[in-house]
Every structure is written in structure tokens, then in C-alpha cells.
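J.: To start, I am sharing the structure in question, which I have written as C-alpha cells.
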Amino acid sequence: MPETTERTGRHVRGLDALELQPGRAGDENGPARVAARVWSATWPKLAAITLLLVAWQALAWSGWRSEYVFPGPDRVLPTLLAEVTGPEFWTAVQVTVRRALTGFALALAVGVLIGLAVTRSRALRSAIGSLVTGLQTMPSIVWFPFAMLLYGITESAIMFVIVLGAAPSIATGLTSGIDHVSPSLLRAGRTMGLRGLQHYTLLIVPAALPMFVSGLKQGWAFAWRSLMAGELLVIINQQNSIGWALSQARQLNDAERLLSYVIVVLLIGVLVDVFFNWADRALRRRWGLTQD
Amino acid sequence: MTTVTETPVGVGAVRVDDMSKVFGSGGSAVTAIDGMSMHVDRGDLLAVVGASGCGKSTLLSLVAGLEEPTTGTVDTGGHKIAMMFQEAALFPWLTVSSNIEIPMRVNRVPRAERRRRVTGLLDLVHLRGMAGKRPHELSGGMRQRVALARALAQDADVLLMDEPFGALDAMTRDILHDELERIWRERNLTIVFVTHNVREAVRLGGRVVLLSSRPGRVIEEFPVEGERPRRIDSGGIAEQAASITDRLREEVSRHA
């Protein structure tokens with residue numbers, strides 16, 4: 001009996017060793033490998049940016065528009081550099097980023113509440129489910145006149161529009177995440193006696209997380225757009241912000257400053273996108289949803 | 001010196017009495033199980049076979065208490081029951097050891113105790129080195145062994161298995177039969193093993209219960225002969241399996 005046990009034990013271990021993927025570890029994390037990976041991810045981006053700058057410069061020099069209206073990167077980039085080193089720029093970025101974060105946090109709270117409510121109640125789902133999807137496709141700028149009537153020229157008006165723009169995506173991400181928890185996992189949870197709060201903390205929340213993060217990413221995109229529209233439309237007591245700097249630059253016909261702020265808006269968007277993509281990929285890898 | 005057997009013969013673990021299960025009502029009602037009776041003694045390894053529509057999975061859900069019978073009774077005598085399915089259904093975001101810990105977290109077992117028992121269970125299923133891996137890094141057979149360890153972590157003494165090795169290749173399945181038999185003995189478990197593979201049923205079962213289809217009823221019960229561990233490719237198994245298969249085919253052709 002013990003020798004049979006020992007023999008099957010050896011069979012099991014042998015089969016396991018054969019079935020596991022041959023180890024790629026070791027050669028994966030050498031510094032040379034990491035450098036090569038970083039380079040292969042970076043050079044196409046650098047090439048694209050260079051190409052874009054060259055094309056832009058060529059267009060500016062071609063005389064298509066006067067240099068005062070359409071300056072090339074040779075004039076915009078130094079302006080951007082000068083702006084970035086000045087204190088005014090940073091207060092503007094600070095105000096805008098603070099608004100973005102506050103608005104996004106509000107949208108997150110509202111979106112999570114609506115999303116949870118919709119998954120809990122069938123009546124509520126049929127009542128407001130399609131409304132939420134409808135709101136999601138609606139250009140949020142449409143809400144600004146109404147928001148300004150409601151709240152006047154205040155930050156609350158901007159927040160109102162950000163929440164209306166971003167909350168539906170966040171709610172949809174959460175509900176579809178919860179709806180798509182695999183039935184076999186739910187059954188396994190039930191047979192293990194998971195219920196109440198533990199049913200959520202140990203099963204539903206982690207299972208829904210990847211889709212929720214996709215919803216967050218989309219919600220952020222809507223929030224950021226709403227905020228930029230809001231800062232251009234709702235200018236509060238001359239308060240410095242990226243939107244205010246943009247409209248100032250336009251009023252002063254300062255195309256160089258205007259374009260450098262456009263670049264800043266783009267950069268912030270790219271930065272946040274990189275963050276969300278990283279979170280998304282890390283989650284998917286950990287959840288075993290992607291190879292590599 | 002007297003030896004006290006740990007499992008006195010005839011002590012019931014599961015008793016199913018004249019049980020029926022009807023899904024839906026009125027014209028669209030479907031009878032999944034009709035007047036089924038069976039008993040499982042403590043320490044039994046009972047194999048249940050049947051063709052499609054024999055209500056195998058419904059039977060297990062009823063025994064596990066996940067569903068209520070329409071008529072008749074299921075008595076599990078207060079035994080704790082764990083289940084295993086064809087899919088391992090491990091939580092993909094957790095490591096192997098965290099997966100095994102879940103039932104203990106449900107039962108509020110303290111952390112140190114959980115760690116200790118996880119190590120023991122990993123040893124039991126020969127997965128000691130895999131504690132930190134995630135389910136998608138494992139093979140199908142390894143995942144089923146983790147699922148088995150997770151089921152054992154529920155402190156159950158009755159294990160219901162719904163075609164647990166159905167999706168595995170033949171070699172892995174053979175080895176898991178040996179493993180399951182060993183663990184059944186070591187842990188003194190009571191197992192109800194549902195399968196559509198008659199040879200598998202004869203390889204593992206102390207008895208094989210054959211079910212009819214649509215609705216599910218017990219047609220016949222076959223005692224299995226042969227010393228354990230049996231080999232699935234031995235002549236004795238093939239012979240017994242053949243006679244059960246004949247009976248099963250007879251039943252299936254009734255539906256033609």
C-alpha cells in the first residue's frame with residue numbers, strides 16, 4: 001500500500017512537471033531584456049512624435065497661414081517651456097486637475113450607487129437601465145446651459161456636467177462587471193457557503209473589477225472632456241485654469257501660448273490613459289485573462 | 001487487541017427517500033427526478049451513472065441542499081457537504097493557497113490555522129510547490145486537485161462530485177482516480193461520484209447506481225467486485241462495465 005502511494009505520487013509529480021510550461025523565467029528579467037523591451041515600446045512613439053513635429057513645422061513654414069495665427073513647433077515649444085517654468089502655469093494646472101479629480105470622485109460615487117442599485121433591483125434596471133445607456137451617448141456639453149441656470153457661473157455647474165457625463169459609464173462598467181461574473185464561480189461560491197458581505201468582498205467585487213476599471217477609464221475620458229468644455233464656457237471670477245488660459249490666449253491672439261496649453265491638455269490626457277492602461281493590463285494579467 | 005473500524009457498516013450518511021423534483025409548473029413542468037431512493041453509508045464511495053437527462057446534477061444539488069425536493073425527502077444527517085464540478089471554478093485572481101483558504105475564511109478560521117491547514121492540504125494533493133501560482137498557470141488536472149483541496153478545506157465529510165474528471169485527458173484521469181481513492185481512504189470520506197463514463201464508475205465505485213433518463217429514476221444497483229486499487233484497463237473492470245453499459249443502452253433505446 002505505501003509503495004503504491006509513493007508510485008502514484010511520483011506519477012503525479014512527473015505529469016505536473018511535463019504539463020507546466022517550460023520555464024522562461026531567468027531570461028525574462030535580465031537588465032538587457034528589460035532595456036530591449038522598453039526600447040521596442042518607446043521607439044515607435046518617439047518616431048511618431050518626431051514625424052508629427054516635422055509635418056507641423058513644414059506646414060507652418062509653407063506659408064499656409066501667417067505665423068502669428070499658426071506658429072510652428074520652433075516657436076510653440078520654447079513658449080511651452082517658458083510657461084512650464086512660470087508659477088502661473090502650475091496654479092492653472094493645479095486648479096484644473098483639482099476640479100477633474102473632485103468631479104471624477106463625485107461621478108465615481110454616483111456611478112457606483114446607480115450601478116449597484118441597478119444590479120440589485122430588476123424593476124430599477126428596466127426603469128433606468130436604458131436611460132443610463134442613453135445618457136452615456138449624449139454629448140455632455142448640452143447640459144451646460146441648464147447647469148448654468150441651476151448653479152450660476154460656479155464650479156458646481158462644472159461638477160454637475162462632469163457627473164452627468166462620467167457617472168453613466170462608471171455605472172455601466174460596474175453593472176456589466178457584476179452581470180458577467182461567471183455562473184460557475186457563483187455556483188462554487190454558493191457551495192462554499194459564501195453569502196452576505198463576504199459574497200461581495202471575496203467574489204463579486206474582484207470578479208467584476210476588470211470591467212469596472214474599463215468603465216472608469218471611459219468615465220474619465222468623459223469627465224475630462226466635460227471639464228475642458230466647462231472651463232471654456234463657465235469662467236469663474238477670472239480664476240486661473242487651463243480653460244481660462246486657453247480663452248485668454250485666444251483673446252490676446254497669442255497663438256503660441258494657446259497651442260502650448262493645447263499640448264498640455266493632450267499630455268495630461270495621455271498620462272492618465274497610460275495609467276489606466278497599466279492598471280487594466282496588470283488586472284487582466286493577474287486575472288489570467290491575457291497570456292504573457 | 002481489538003480493532004475499531006472508524007466507519008461502522010450501515011451508518012447512513014445520505015438517505016434519499018422517494019424523492020421527486022419538478023421544475024416549472026402547469027403545462028411546461030418538467031420532471032427531472034421521479035421517485036428516486038438511494039442510500040449512501042458513511043465511508044462509501046458511490047458511483048452514479050446515467051445518460052443525458054438522468055438528473056445527475058439535480059440529484060447532487062438536492063443532496064447538497066442547494067435546492068428543495070418537490071416531494072420526498074433528503075436526509076444528510078447533519079453531515080457537512082462539499083461539492084466539486086467539471087470546471088474547477090477556482091477564483092482566478094487568487095493564488096492556489098488563497099483559493100484553498102476561502103472556505104476557511106467563510107468559517108472564520110484564524111489566519112495562522114488557515115496557513116497551517118493549507119500546507120497540509122497542498123501536501124495531500126501533491127501541490128506543495130504551487131502555493132503561489134495562479135489558476136491559469138496550472139494544468140487542468142492540477143486545477144482539479146486544487147478544487148479538491150478547496151472542497152476538503154470545507155471540513156466536509158461528504159463529497160459530491162459532478163463529473164469532476166470529465167474534461168481531463170485519459171492519463172491524467174487515471175492518476176486522479178488513484179489520488180482520489182487514496183484521499184478518500186486517508187480522510188475517511190463519503191463520496192458520491194457522478195459520471196457518464198461507466199468504466200470510471202466501475203473503477204471507483206463500491207457500488208454503481210444506474211439511473212434512467214427523463215425522468216431520473218434508479219434502474220438498478222450493481223455491487224462492484226475487485227480489490228482496490230483497481231486498474232481501469234483490467235479485464236474485470238471491462239466485464240462489469242460491459243454489463244452495466246448493456247443495461248444503460250437498453251434504457252437509452254427506450255427513448256428512440
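The way I read the labels, and the way they are meant: chains A, B, ... in the order of the C-alpha cells, residue 1 as the first residue of every chain, and ligand 1 as the first ligand shown, with later ones counted on from there.
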Check which residues of chain B sit at most 6 Å from chain A using only C-alpha atoms, and return one row each with the closest pair of atoms and their distance in Å to one decimal, ordered by chain and rising number, as a Markdown table.
T.:
| residue | atom | partner | partner_atom | distance |
| --- | --- | --- | --- | --- |
| B:Ala89 | CA | A:Leu185 | CA | 5.3 |
| B:Pro92 | CA | A:Trp287 | CA | 5.2 |
| B:Trp93 | CA | A:Trp287 | CA | 4.6 |
| B:Pro103 | CA | A:Met192 | CA | 5.7 |
| B:His136 | CA | A:Gly288 | CA | 5.5 |
J.: Contacts of Glu251 of chain B at 12 Å or less, counting only C-alpha atoms, minus same-chain residues fewer than 6 places along, as a ChimeraX atom specification?
T.: /B:50-54,210-220,244-245
J.: Can you tell me which residues surround Ser140 of chain A at a distance of at most 7 Å, considering only C-alpha atoms, apart from same-chain residues fewer than 3 positions away, and format the answer as a PyMOL selection string?
T.: chain A and resi 143+161+164-165+226
J.: Please save C-alpha atoms of the selected residues as a PDB file, in the first residue's frame.
T.:
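The new file out32.pdb reads:
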ATOM      1  CA  TRP A 143     -26.079  70.185 -20.229  1.00  0.00           C
ATOM      2  CA  VAL A 161     -21.912  68.303 -16.033  1.00  0.00           C
ATOM      3  CA  LEU A 164     -23.712  63.598 -15.834  1.00  0.00           C
ATOM      4  CA  GLY A 165     -21.004  62.835 -18.377  1.00  0.00           C
ATOM      5  CA  SER A 226     -16.757  67.838 -19.878  1.00  0.00           C
TER       6      SER A 226
END
J.: Using only C-alpha atoms, which protein or nucleic acid residues come within 9 Å of Ala229 of chain A? Drop anything in the same chain fewer than 6 positions from it, and give the result as a PyMOL selection string.
T.: chain A and resi 140-141+144+158+243
J.: Quick check for you: according to DSSP on this backbone, which residues of segment 110-219 of chain B are classed as alpha helix (DSSP H)? Reply as a ChimeraX atom specification.
T.: /B:111-124,140-152,170-187,198-204
J.: Using only C-alpha atoms, which protein or nucleic acid residues come within 8 Å of Thr58 of chain B? Drop anything in the same chain fewer than 4 positions from it, and give the result as JSON, numbers by chain.
T.: {"B": [32, 33, 62]}
J.: Run DSSP on the backbone and tell me which residues of segment 62-236 of chain B come out as strand (DSSP E); list them as number ranges by chain.
T.: B: 71-75, 81-84, 158-162, 190-195, 207-211, 218-223
J.: Residues as selected, N, CA and C atoms, written as a PDB file, in the first residue's frame, can you do that?
T.:
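File out28.pdb, as written:
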ATOM      1  N   THR B  71     -41.220  16.528  -3.873  1.00  0.00           N
ATOM      2  CA  THR B  71     -41.800  15.604  -2.892  1.00  0.00           C
ATOM      3  C   THR B  71     -40.685  14.674  -2.420  1.00  0.00           C
ATOM      4  N   GLY B  72     -40.949  13.975  -1.336  1.00  0.00           N
ATOM      5  CA  GLY B  72     -39.942  13.061  -0.802  1.00  0.00           C
ATOM      6  C   GLY B  72     -38.950  13.806   0.071  1.00  0.00           C
ATOM      7  N   THR B  73     -37.951  13.065   0.551  1.00  0.00           N
ATOM      8  CA  THR B  73     -37.005  13.685   1.482  1.00  0.00           C
ATOM      9  C   THR B  73     -35.569  13.348   1.138  1.00  0.00           C
ATOM     10  N   VAL B  74     -34.690  14.244   1.563  1.00  0.00           N
ATOM     11  CA  VAL B  74     -33.246  14.005   1.528  1.00  0.00           C
ATOM     12  C   VAL B  74     -32.766  14.177   2.951  1.00  0.00           C
ATOM     13  N   ASP B  75     -32.100  13.167   3.470  1.00  0.00           N
ATOM     14  CA  ASP B  75     -31.582  13.278   4.836  1.00  0.00           C
ATOM     15  C   ASP B  75     -30.073  13.129   4.791  1.00  0.00           C
ATOM     16  N   ILE B  81     -21.338  19.010   3.764  1.00  0.00           N
ATOM     17  CA  ILE B  81     -21.249  18.543   2.381  1.00  0.00           C
ATOM     18  C   ILE B  81     -20.456  19.530   1.536  1.00  0.00           C
ATOM     19  N   ALA B  82     -19.530  19.009   0.736  1.00  0.00           N
ATOM     20  CA  ALA B  82     -18.789  19.843  -0.201  1.00  0.00           C
ATOM     21  C   ALA B  82     -19.046  19.335  -1.609  1.00  0.00           C
ATOM     22  N   MET B  83     -18.852  20.204  -2.592  1.00  0.00           N
ATOM     23  CA  MET B  83     -19.130  19.814  -3.976  1.00  0.00           C
ATOM     24  C   MET B  83     -17.955  20.114  -4.880  1.00  0.00           C
ATOM     25  N   MET B  84     -17.844  19.309  -5.931  1.00  0.00           N
ATOM     26  CA  MET B  84     -16.856  19.566  -6.981  1.00  0.00           C
ATOM     27  C   MET B  84     -17.519  19.375  -8.324  1.00  0.00           C
ATOM     28  N   VAL B 158     -18.770  14.597   3.572  1.00  0.00           N
ATOM     29  CA  VAL B 158     -19.431  14.047   2.392  1.00  0.00           C
ATOM     30  C   VAL B 158     -19.025  14.910   1.202  1.00  0.00           C
ATOM     31  N   LEU B 159     -18.515  14.263   0.160  1.00  0.00           N
ATOM     32  CA  LEU B 159     -18.059  14.991  -1.012  1.00  0.00           C
ATOM     33  C   LEU B 159     -18.917  14.571  -2.208  1.00  0.00           C
ATOM     34  N   LEU B 160     -19.577  15.550  -2.828  1.00  0.00           N
ATOM     35  CA  LEU B 160     -20.382  15.272  -4.017  1.00  0.00           C
ATOM     36  C   LEU B 160     -19.589  15.720  -5.234  1.00  0.00           C
ATOM     37  N   MET B 161     -19.398  14.815  -6.194  1.00  0.00           N
ATOM     38  CA  MET B 161     -18.566  15.148  -7.346  1.00  0.00           C
ATOM     39  C   MET B 161     -19.361  14.971  -8.625  1.00  0.00           C
ATOM     40  N   ASP B 162     -19.460  16.060  -9.393  1.00  0.00           N
ATOM     41  CA  ASP B 162     -20.255  16.063 -10.615  1.00  0.00           C
ATOM     42  C   ASP B 162     -19.319  16.012 -11.829  1.00  0.00           C
ATOM     43  N   THR B 190     -16.939  10.210   2.633  1.00  0.00           N
ATOM     44  CA  THR B 190     -18.054   9.593   1.933  1.00  0.00           C
ATOM     45  C   THR B 190     -18.172  10.343   0.612  1.00  0.00           C
ATOM     46  N   ILE B 191     -18.160   9.592  -0.503  1.00  0.00           N
ATOM     47  CA  ILE B 191     -18.153  10.272  -1.797  1.00  0.00           C
ATOM     48  C   ILE B 191     -19.307   9.780  -2.662  1.00  0.00           C
ATOM     49  N   VAL B 192     -20.009  10.727  -3.275  1.00  0.00           N
ATOM     50  CA  VAL B 192     -20.962  10.387  -4.328  1.00  0.00           C
ATOM     51  C   VAL B 192     -20.369  10.933  -5.618  1.00  0.00           C
ATOM     52  N   PHE B 193     -20.046  10.018  -6.530  1.00  0.00           N
ATOM     53  CA  PHE B 193     -19.298  10.386  -7.727  1.00  0.00           C
ATOM     54  C   PHE B 193     -20.197  10.183  -8.941  1.00  0.00           C
ATOM     55  N   VAL B 194     -20.608  11.280  -9.555  1.00  0.00           N
ATOM     56  CA  VAL B 194     -21.498  11.202 -10.706  1.00  0.00           C
ATOM     57  C   VAL B 194     -20.686  11.252 -11.987  1.00  0.00           C
ATOM     58  N   THR B 195     -20.985  10.363 -12.925  1.00  0.00           N
ATOM     59  CA  THR B 195     -20.243  10.364 -14.191  1.00  0.00           C
ATOM     60  C   THR B 195     -21.104   9.740 -15.277  1.00  0.00           C
ATOM     61  N   ARG B 207     -20.218   0.648  -5.134  1.00  0.00           N
ATOM     62  CA  ARG B 207     -21.446   0.259  -5.826  1.00  0.00           C
ATOM     63  C   ARG B 207     -21.624   1.240  -6.963  1.00  0.00           C
ATOM     64  N   VAL B 208     -22.346   0.793  -8.011  1.00  0.00           N
ATOM     65  CA  VAL B 208     -22.685   1.706  -9.102  1.00  0.00           C
ATOM     66  C   VAL B 208     -24.201   1.764  -9.189  1.00  0.00           C
ATOM     67  N   VAL B 209     -24.729   2.985  -9.104  1.00  0.00           N
ATOM     68  CA  VAL B 209     -26.171   3.158  -9.236  1.00  0.00           C
ATOM     69  C   VAL B 209     -26.447   3.639 -10.653  1.00  0.00           C
ATOM     70  N   LEU B 210     -27.321   2.923 -11.362  1.00  0.00           N
ATOM     71  CA  LEU B 210     -27.649   3.280 -12.736  1.00  0.00           C
ATOM     72  C   LEU B 210     -28.983   4.017 -12.762  1.00  0.00           C
ATOM     73  N   LEU B 211     -29.007   5.192 -13.407  1.00  0.00           N
ATOM     74  CA  LEU B 211     -30.216   5.996 -13.447  1.00  0.00           C
ATOM     75  C   LEU B 211     -30.863   5.957 -14.822  1.00  0.00           C
ATOM     76  N   VAL B 218     -33.902   5.370 -10.230  1.00  0.00           N
ATOM     77  CA  VAL B 218     -32.869   4.342 -10.078  1.00  0.00           C
ATOM     78  C   VAL B 218     -33.350   3.097 -10.805  1.00  0.00           C
ATOM     79  N   ILE B 219     -32.583   2.634 -11.802  1.00  0.00           N
ATOM     80  CA  ILE B 219     -32.949   1.407 -12.523  1.00  0.00           C
ATOM     81  C   ILE B 219     -32.446   0.196 -11.773  1.00  0.00           C
ATOM     82  N   GLU B 220     -31.173   0.285 -11.408  1.00  0.00           N
ATOM     83  CA  GLU B 220     -30.567  -0.888 -10.818  1.00  0.00           C
ATOM     84  C   GLU B 220     -29.307  -0.478 -10.074  1.00  0.00           C
ATOM     85  N   GLU B 221     -28.931  -1.291  -9.106  1.00  0.00           N
ATOM     86  CA  GLU B 221     -27.714  -1.007  -8.373  1.00  0.00           C
ATOM     87  C   GLU B 221     -26.775  -2.183  -8.545  1.00  0.00           C
ATOM     88  N   PHE B 222     -25.531  -1.924  -8.901  1.00  0.00           N
ATOM     89  CA  PHE B 222     -24.567  -3.003  -9.142  1.00  0.00           C
ATOM     90  C   PHE B 222     -23.478  -2.961  -8.081  1.00  0.00           C
ATOM     91  N   PRO B 223     -23.267  -4.018  -7.344  1.00  0.00           N
ATOM     92  CA  PRO B 223     -22.096  -4.046  -6.462  1.00  0.00           C
ATOM     93  C   PRO B 223     -20.868  -4.274  -7.342  1.00  0.00           C
TER      94      PRO B 223
END
J.: Atom CA of Ile204 of chain A and atom CA of Thr137 of chain A are how many Å apart?
T.: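 Taking atom CA of Ile204 of chain A and atom CA of Thr137 of chain A, their separation equals 27.3 Å.
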J.: Quick one: distance from atom CA of Lys80 of chain B to atom CA of Leu168 of chain B in Å, one decimal?
T.: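 The value is 27.5 Å.
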J.: Find the residues around Gly235 of chain B up to 12 Å (only C-alpha atoms counted), leave out those fewer than 6 positions away in its own chain, and share them as an NGL selection string.
T.: :B and (199 or 202-203 or 225-226 or 241-242)
J.: With N, CA and C atoms retained, could you export that selection as a short mmCIF file (atom, residue, chain, number, x, y, z; two decimals), in the first residue's frame?
T.:
data_model
loop_
_atom_site.label_atom_id
_atom_site.label_comp_id
_atom_site.auth_asym_id
_atom_site.auth_seq_id
_atom_site.Cartn_x
_atom_site.Cartn_y
_atom_site.Cartn_z
N ARG B 199 -16.93 2.93 -17.21
CA ARG B 199 -15.68 2.36 -16.71
C ARG B 199 -15.16 3.12 -15.51
N VAL B 202 -17.07 2.05 -12.52
CA VAL B 202 -16.69 0.73 -12.01
C VAL B 202 -15.29 0.79 -11.38
N ARG B 203 -14.42 1.64 -11.96
CA ARG B 203 -13.07 1.79 -11.41
C ARG B 203 -13.13 2.31 -9.97
N GLU B 225 -17.07 -5.71 -7.87
CA GLU B 225 -16.12 -6.64 -7.28
C GLU B 225 -14.71 -6.26 -7.68
N GLY B 226 -13.74 -6.73 -6.88
CA GLY B 226 -12.34 -6.47 -7.20
C GLY B 226 -11.67 -5.64 -6.13
N ALA B 241 -18.19 -3.37 -16.51
CA ALA B 241 -18.64 -2.18 -17.21
C ALA B 241 -19.51 -2.56 -18.40
N ALA B 242 -19.14 -3.65 -19.09
CA ALA B 242 -19.90 -4.06 -20.26
C ALA B 242 -21.35 -4.39 -19.89
#
